[in-house]
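For reference, structure-v2.cif (mmCIF, C-alpha atoms):
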```
data_structure
#
loop_
_atom_site.label_atom_id
_atom_site.label_comp_id
_atom_site.auth_asym_id
_atom_site.auth_seq_id
_atom_site.Cartn_x
_atom_site.Cartn_y
_atom_site.Cartn_z
CA MET A 1 0.00 0.00 0.00
CA THR A 2 1.40 3.42 -0.90
CA ALA A 3 1.65 6.19 1.67
CA HIS A 4 -0.93 8.09 -0.32
CA HIS A 5 -3.49 5.29 0.02
CA ALA A 6 -2.74 4.86 3.69
CA ASN A 7 -4.07 8.38 4.34
CA VAL A 8 -7.41 7.82 2.62
CA ALA A 9 -10.15 7.52 5.22
CA PRO A 10 -12.01 4.22 5.11
CA PRO A 11 -15.50 4.58 3.65
CA SER A 12 -18.12 5.45 6.25
CA ALA A 13 -20.87 3.01 7.17
CA LEU A 14 -23.28 5.30 5.31
CA ASP A 15 -21.14 5.22 2.14
CA SER A 16 -20.97 1.44 2.39
CA ALA A 17 -24.75 1.16 2.77
CA CYS A 18 -25.38 3.42 -0.24
CA ARG A 19 -22.90 1.47 -2.32
CA ALA A 20 -24.37 -1.89 -1.28
CA PHE A 21 -27.82 -0.64 -2.33
CA SER A 22 -26.77 0.70 -5.73
CA VAL A 23 -23.70 -1.13 -7.06
CA PRO A 24 -24.21 -4.86 -7.63
CA GLN A 25 -21.38 -7.31 -8.07
CA ARG A 26 -21.12 -8.31 -11.72
CA ILE A 27 -21.07 -12.12 -11.83
CA GLN A 28 -19.60 -13.93 -14.84
CA ALA A 29 -21.47 -16.90 -16.28
CA SER A 30 -19.91 -20.30 -15.60
CA SER A 31 -18.79 -22.36 -18.61
CA LEU A 32 -21.87 -24.55 -18.11
CA GLU A 33 -24.14 -21.46 -18.11
CA ARG A 34 -22.39 -20.14 -21.23
CA SER A 35 -23.08 -23.41 -23.05
CA VAL A 36 -26.77 -23.18 -22.05
CA LEU A 37 -26.95 -19.54 -23.18
CA SER A 38 -25.35 -20.42 -26.52
CA GLN A 39 -28.43 -22.53 -27.31
CA GLY A 40 -30.72 -19.49 -27.02
CA LYS A 41 -31.20 -16.54 -29.33
CA HIS A 42 -29.10 -13.72 -27.87
CA ASP A 43 -30.23 -10.11 -28.27
CA THR A 44 -29.83 -6.71 -26.65
CA HIS A 45 -32.62 -4.28 -25.82
CA PRO A 46 -31.50 -0.61 -26.13
CA TYR A 47 -32.19 0.96 -22.75
CA VAL A 48 -31.42 4.29 -21.07
CA ASP A 49 -29.51 2.73 -18.12
CA GLY A 50 -27.43 0.54 -20.46
CA ASP A 51 -28.47 -2.06 -23.02
CA ILE A 52 -30.24 -5.12 -21.60
CA ALA A 53 -28.83 -8.51 -22.64
CA HIS A 54 -31.46 -11.24 -23.07
CA TRP A 55 -31.73 -14.78 -24.46
CA THR A 56 -34.82 -16.54 -25.80
CA PHE A 57 -35.39 -20.29 -26.08
CA GLY A 58 -38.21 -22.17 -27.82
CA LEU A 59 -41.62 -21.16 -29.11
CA GLY A 60 -44.94 -20.64 -27.36
CA PRO A 61 -46.36 -18.22 -24.79
CA ARG A 62 -43.42 -16.30 -23.32
CA VAL A 63 -42.21 -16.75 -19.73
CA LEU A 64 -39.67 -14.23 -18.41
CA LEU A 65 -37.08 -15.35 -15.84
CA VAL A 66 -35.94 -12.50 -13.57
CA HIS A 67 -32.85 -12.89 -11.37
CA GLY A 68 -31.83 -11.36 -8.04
CA TRP A 69 -29.18 -8.89 -6.81
CA ASP A 70 -25.53 -9.87 -7.46
CA SER A 71 -26.84 -12.53 -9.84
CA ARG A 72 -27.55 -12.99 -13.55
CA GLY A 73 -30.24 -14.49 -15.78
CA SER A 74 -28.33 -17.73 -16.32
CA HIS A 75 -28.66 -18.52 -12.60
CA LEU A 76 -32.27 -19.50 -13.43
CA ALA A 77 -31.15 -21.82 -16.24
CA ALA A 78 -32.62 -24.91 -14.50
CA PHE A 79 -36.11 -23.59 -15.34
CA ILE A 80 -35.49 -23.48 -19.12
CA GLU A 81 -35.86 -27.13 -20.11
CA PRO A 82 -38.94 -27.90 -17.95
CA LEU A 83 -40.70 -24.75 -19.26
CA LEU A 84 -39.86 -25.65 -22.87
CA ARG A 85 -41.27 -29.15 -22.27
CA ALA A 86 -44.44 -27.52 -20.91
CA GLY A 87 -44.84 -25.68 -24.23
CA PHE A 88 -43.54 -22.22 -23.32
CA SER A 89 -40.86 -20.04 -24.81
CA VAL A 90 -38.42 -18.75 -22.20
CA THR A 91 -36.63 -15.40 -22.07
CA LEU A 92 -34.01 -14.67 -19.45
CA LEU A 93 -32.40 -11.28 -19.05
CA ASP A 94 -29.56 -9.63 -17.17
CA LEU A 95 -30.90 -6.66 -15.19
CA PRO A 96 -29.11 -3.26 -15.31
CA ALA A 97 -25.47 -3.45 -14.08
CA HIS A 98 -25.70 -7.25 -13.88
CA GLY A 99 -24.28 -10.03 -16.05
CA ASP A 100 -23.79 -8.99 -19.68
CA SER A 101 -26.05 -5.90 -19.50
CA GLY A 102 -24.82 -2.32 -19.51
CA GLY A 103 -24.87 0.22 -16.69
CA HIS A 104 -23.05 0.54 -13.37
CA LEU A 105 -25.91 1.28 -10.96
CA SER A 106 -29.07 -0.60 -10.12
CA SER A 107 -31.93 -0.89 -7.58
CA PRO A 108 -35.34 -2.58 -7.43
CA VAL A 109 -36.77 0.43 -9.30
CA HIS A 110 -34.04 0.46 -11.97
CA ALA A 111 -34.66 -3.27 -12.39
CA GLY A 112 -38.45 -2.86 -12.54
CA ARG A 113 -38.24 -0.14 -15.20
CA ALA A 114 -35.84 -2.21 -17.29
CA LEU A 115 -38.08 -5.27 -16.98
CA ALA A 116 -41.17 -3.29 -18.02
CA SER A 117 -39.30 -1.77 -20.98
CA LEU A 118 -38.04 -5.14 -22.23
CA ALA A 119 -41.46 -6.79 -21.74
CA GLN A 120 -43.10 -4.04 -23.78
CA ALA A 121 -40.60 -4.56 -26.60
CA LEU A 122 -41.04 -8.33 -26.61
CA GLY A 123 -44.84 -8.32 -26.86
CA PRO A 124 -47.28 -10.37 -24.80
CA ILE A 125 -45.79 -12.00 -21.69
CA HIS A 126 -47.63 -15.06 -20.33
CA GLY A 127 -45.80 -15.26 -17.04
CA VAL A 128 -42.84 -14.32 -14.90
CA VAL A 129 -40.64 -16.40 -12.60
CA ALA A 130 -38.72 -14.03 -10.34
CA HIS A 131 -36.14 -14.50 -7.59
CA SER A 132 -35.28 -12.07 -4.78
CA LEU A 133 -34.67 -8.54 -6.20
CA GLY A 134 -36.30 -9.80 -9.43
CA SER A 135 -39.52 -10.33 -7.51
CA ALA A 136 -39.50 -6.74 -6.21
CA ALA A 137 -38.74 -5.53 -9.76
CA SER A 138 -41.69 -7.56 -11.07
CA LEU A 139 -44.06 -6.10 -8.47
CA TRP A 140 -43.03 -2.62 -9.63
CA ALA A 141 -43.51 -3.58 -13.29
CA PHE A 142 -46.97 -5.12 -12.62
CA ALA A 143 -48.04 -1.90 -10.88
CA HIS A 144 -46.80 0.12 -13.87
CA GLY A 145 -48.48 -1.64 -16.75
CA LEU A 146 -46.87 -5.07 -17.24
CA GLU A 147 -49.74 -7.54 -17.64
CA VAL A 148 -49.20 -11.28 -17.23
CA ASN A 149 -51.45 -14.31 -16.67
CA ALA A 150 -49.38 -15.70 -13.80
CA SER A 151 -46.22 -15.05 -11.80
CA VAL A 152 -44.00 -17.00 -9.42
CA HIS A 153 -42.10 -15.22 -6.63
CA LEU A 154 -39.13 -16.93 -4.97
CA CYS A 155 -37.70 -15.47 -1.73
CA GLY A 156 -38.61 -11.94 -2.79
CA PRO A 157 -38.74 -8.70 -0.80
CA SER A 158 -42.23 -7.22 -1.19
CA SER A 159 -41.80 -3.75 0.33
CA LEU A 160 -38.71 -1.55 0.17
CA SER A 161 -39.06 0.16 3.59
CA PRO A 162 -38.37 -2.94 5.74
CA MET A 163 -35.48 -3.96 3.47
CA LEU A 164 -33.86 -0.53 3.96
CA GLN A 165 -34.26 -0.89 7.73
CA LEU A 166 -32.52 -4.27 7.55
CA GLN A 167 -29.71 -2.84 5.42
CA ALA A 168 -29.28 0.09 7.81
CA LEU A 169 -29.05 -2.32 10.76
CA GLY A 170 -26.63 -4.53 8.85
CA HIS A 171 -24.32 -1.55 8.29
CA GLY A 172 -24.68 -0.32 11.89
CA LEU A 173 -26.11 3.07 10.90
CA SER A 174 -27.00 5.59 13.61
CA PRO A 175 -30.54 7.10 13.54
CA ASP A 176 -29.18 10.21 11.73
CA GLU A 177 -27.34 8.04 9.21
CA GLN A 178 -30.50 5.97 8.66
CA THR A 179 -32.40 9.14 7.76
CA ALA A 180 -29.58 10.19 5.41
CA PHE A 181 -29.55 6.69 3.87
CA VAL A 182 -33.29 6.80 3.06
CA SER A 183 -32.91 10.29 1.52
CA TRP A 184 -30.00 9.06 -0.59
CA VAL A 185 -31.99 6.01 -1.74
CA GLU A 186 -34.93 8.22 -2.74
CA LYS A 187 -32.62 10.37 -4.88
CA HIS A 188 -31.09 7.24 -6.42
CA ILE A 189 -34.42 5.60 -7.33
CA GLY A 190 -36.16 8.89 -8.19
CA ILE A 191 -39.32 8.17 -6.15
CA PRO A 192 -40.33 8.13 -2.46
CA VAL A 193 -39.52 4.80 -0.81
CA ALA A 194 -43.23 4.35 0.04
CA GLU A 195 -43.96 4.01 -3.69
CA MET A 196 -41.95 0.75 -3.62
CA ASP A 197 -44.01 -0.65 -0.72
CA LEU A 198 -46.85 -3.13 -1.15
CA ALA A 199 -49.58 -0.63 -0.34
CA ALA A 200 -48.58 1.31 -3.48
CA LEU A 201 -47.93 -1.76 -5.65
CA LYS A 202 -50.70 -4.21 -4.80
CA HIS A 203 -53.11 -2.84 -7.43
CA GLY A 204 -50.89 -4.54 -10.04
CA LEU A 205 -51.57 -8.00 -8.57
CA ARG A 206 -54.63 -9.02 -10.57
CA HIS A 207 -53.32 -12.34 -11.90
CA THR A 208 -52.68 -15.80 -10.44
CA GLY A 209 -49.61 -16.05 -8.24
CA LEU A 210 -47.40 -18.55 -6.45
CA ILE A 211 -45.04 -17.44 -3.67
CA MET A 212 -42.35 -19.81 -2.38
CA HIS A 213 -39.95 -19.02 0.44
CA ASP A 214 -37.89 -20.81 3.07
CA PRO A 215 -38.57 -19.35 6.56
CA ALA A 216 -34.86 -19.97 7.29
CA ASP A 217 -33.80 -17.61 4.44
CA ARG A 218 -31.18 -15.33 5.99
CA LEU A 219 -31.17 -12.69 3.23
CA VAL A 220 -34.86 -11.90 2.73
CA PRO A 221 -37.19 -12.36 5.72
CA PHE A 222 -40.06 -14.81 5.27
CA ALA A 223 -42.39 -12.02 6.50
CA ALA A 224 -41.95 -10.37 3.07
CA SER A 225 -43.77 -13.33 1.50
CA THR A 226 -46.51 -13.55 4.15
CA ASP A 227 -47.15 -9.82 3.61
CA LEU A 228 -47.30 -10.33 -0.15
CA GLN A 229 -49.76 -13.21 0.13
CA ARG A 230 -51.95 -11.22 2.53
CA GLN A 231 -52.26 -8.40 -0.02
CA TRP A 232 -52.75 -10.74 -2.98
CA PRO A 233 -55.94 -12.83 -2.87
CA GLY A 234 -55.00 -14.66 -6.10
CA ALA A 235 -51.70 -16.01 -4.75
CA LYS A 236 -50.77 -19.14 -2.82
CA LEU A 237 -47.82 -19.22 -0.40
CA ILE A 238 -45.73 -22.38 0.00
CA GLU A 239 -43.25 -22.70 2.86
CA LEU A 240 -40.06 -24.46 1.77
CA GLU A 241 -37.57 -26.26 3.97
CA GLY A 242 -33.82 -26.51 3.69
CA LEU A 243 -33.42 -24.43 0.51
CA GLY A 244 -32.26 -21.11 1.97
CA HIS A 245 -32.10 -18.17 -0.40
CA ARG A 246 -30.35 -19.61 -3.48
CA ARG A 247 -30.76 -23.39 -3.62
CA ILE A 248 -34.42 -22.69 -4.46
CA LEU A 249 -33.29 -21.93 -8.05
CA THR A 250 -32.33 -25.53 -8.80
CA ASP A 251 -34.84 -27.44 -6.68
CA PRO A 252 -36.84 -29.85 -8.92
CA GLN A 253 -40.02 -29.48 -6.86
CA VAL A 254 -39.90 -25.68 -6.94
CA ILE A 255 -39.40 -25.79 -10.72
CA ALA A 256 -42.23 -28.34 -11.18
CA ARG A 257 -44.63 -26.24 -9.07
CA SER A 258 -43.71 -23.12 -11.08
CA CYS A 259 -44.37 -24.93 -14.38
CA ALA A 260 -47.68 -26.27 -13.05
CA LEU A 261 -48.88 -22.78 -12.07
CA LEU A 262 -47.93 -21.31 -15.46
CA SER A 263 -49.55 -24.23 -17.34
CA GLY A 264 -52.72 -23.94 -15.27
CA ALA A 265 -52.96 -20.23 -16.04
CA ARG A 266 -52.51 -21.05 -19.72
CA ARG A 267 -55.44 -23.49 -19.61
CA GLN A 268 -57.59 -20.87 -17.88
CA GLU A 269 -56.66 -18.39 -20.60
CA ALA A 270 -57.67 -20.90 -23.30
CA ILE A 271 -61.07 -21.43 -21.63
CA ALA A 272 -61.61 -17.68 -21.26
#
```
For the structure just supplied, provide its representation as structure tokens.
Amino acid sequence: MTAHHANVAPPSALDSACRAFSVPQRIQASSLERSVLSQGKHDTHPYVDGDIAHWTFGLGPRVLLVHGWDSRGSHLAAFIEPLLRAGFSVTLLDLPAHGDSGGHLSSPVHAGRALASLAQALGPIHGVVAHSLGSAASLWAFAHGLEVNASVHLCGPSSLSPMLQLQALGHGLSPDEQTAFVSWVEKHIGIPVAEMDLAALKHGLRHTGLIMHDPADRLVPFAASTDLQRQWPGAKLIELEGLGHRRILTDPQVIARSCALLSGARRQEAIA
């Protein structure tokens, strides 16, 4: 370390919290994920926060796979084959500042806007399978015009306010710093935090839903899913065991239940 660097003050807890909220880690695809992606049709969607990379597989009603924070679309690759077998086409995307997409900053709102923009460009969307941050992004998109027949929510935060409280606690922020953190977040996302809470978003939940979450999830509290189910009469909540926050993405039963919900909604659509 140079003398110059030694004199630089370490970032404050507030700086760290702001950075953790806005700058995701960009994860590279594994060689196995790259080989899966190479079988899809790769495209980019021009977008104000940086072009959105996406891949489409198969033909049929479109299902969008939406990943979480510090993740990428290919982390949901285990859903592709079962959904194709069920007669769907599958599109997975990398959210802003994630994976192969452009941009350096993100948030649930950035992600929601990007998702809504891509969905509009792609045409009708039958359903969404969303994990963690992707679930919050989907709730925002549903409340701002994205219409689907069904959606699956895996370990997702449902309101932004409690997640900010958790982040503030995690970074050891003082009451004054917590206030400053919320103000900074509101500038970053361009809307009041309350507009990312369920009370403001629930009007978008007019379709069939399935919520799955492990109560032992250490990253997103299970209460986020019980709150979501309470505000969403058309959704069922399933408690999972032993899957934590990430193993849910490769669990055969979780994938089968997701496919069953999306197929059921498709049959309902056909009858209607």
What residues come out when you apply the PyMOL selection byres ((chain A and resi 170-175) around 8) to this file, written as a PyMOL selection string?
-> chain A and resi 13-14+16-17+166-169+176-179
Of the candidates A:His131, A:Arg218, A:Lys202, A:Arg72, which one gets nearest to Gly234 of chain A if we count all atoms listed in the file?
->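 Among the listed residues, A:Lys202 lies closest to Gly234 of chain A.
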Might you pull out every residue within 8 Å of Ala141 of chain A, with all atoms listed in the file counted and same-chain residues fewer than 6 positions away left off, and present them as JSON, numbers by chain?
-> {"A": [112, 113, 115, 116]}
Can you tell me how far atom CA of Ser151 of chain A sits from atom CA of Ser117 of chain A, in Å to one decimal?
->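 Computed distance, atom CA of Ser151 of chain A to atom CA of Ser117 of chain A, equals 17.6 Å.
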Identify which of the residues A:Ala150, A:Ala130, A:Ala121, A:Ala136 lies closest to Ala260 of chain A, counting all atoms listed in the file when measuring atom-to-atom distances.
-> A:Ala150
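Considering the residues A:Val90, A:His42, A:Asp70, A:Leu262 and counting all atoms listed in the file, Gly58 of chain A has its shortest atom-to-atom contact with A:Val90.
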Top pick for closest residue to His144 of chain A, considering A:Ser161, A:Gln120, A:Ser263, A:Ser38 and counting only C-alpha atoms =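 Using only C-alpha atoms, His144 of chain A sits closest to A:Gln120.
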What do you get, as an MDAnalysis selection string, if you spell out every residue that the PyMOL selection byres ((chain A and resi 264) around 12) selects here?
-> chainID A and resid 86 126:127 149:151 208:210 257:263 265:271
Applied to the shown file, which residues does the PyMOL selection byres ((chain A and resi 19-33) around 7) return, written as a VMD selection string?
-> chain A and resid 15 to 18 34 to 37 69 to 72 74 97 to 99 104 to 107
Would you list the contacts of Ser158 of chain A as a list in words, taking every protein, DNA or RNA residue within 9 Å and counting all atoms listed in the file, but skipping same-chain residues closer than 5 positions in sequence?
->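 Those residues are Ser135, Ala136, Leu139, Met163, Met196, Asp197, Leu198, Ala224, Ser225, Asp227 and Leu228 of chain A.
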Using all atoms listed in the file, find the one residue out of A:Leu133, A:Ala143, A:Met212, A:Leu65 that sits nearest to Ile248 of chain A.
-> A:Met212
Can you work out which one of A:Ala223, A:Val254, A:Leu243, A:Leu64 has the shortest atom-to-atom distance to Ser159 of chain A, counting all atoms listed in the file?
->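 Checking each candidate against Ser159 of chain A, we get A:Ala223 as the closest.
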For atom CA of Leu249 of chain A and atom CA of Arg206 of chain A, determine how far apart the two atoms are, in Å to one decimal place.
-> 25.1 Å
Who sits within 8 Å of segment 50-52 of chain A, only C-alpha atoms, same chain under 6 positions skipped, as a compact mmCIF listing (two decimals) with C-alpha atoms, keeping the file's coordinate frame:
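Writing done, so here's around_24.txt:
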```txt
# COMPACT_ATOMS: atom_id res chain seq x y z
CA THR A 44 -29.83 -6.71 -26.65
CA LEU A 93 -32.40 -11.28 -19.05
CA ASP A 94 -29.56 -9.63 -17.17
CA LEU A 95 -30.90 -6.66 -15.19
CA PRO A 96 -29.11 -3.26 -15.31
CA ALA A 97 -25.47 -3.45 -14.08
CA ASP A 100 -23.79 -8.99 -19.68
CA SER A 101 -26.05 -5.90 -19.50
CA GLY A 102 -24.82 -2.32 -19.51
CA GLY A 103 -24.87 0.22 -16.69
CA ALA A 114 -35.84 -2.21 -17.29
CA LEU A 118 -38.04 -5.14 -22.23
```
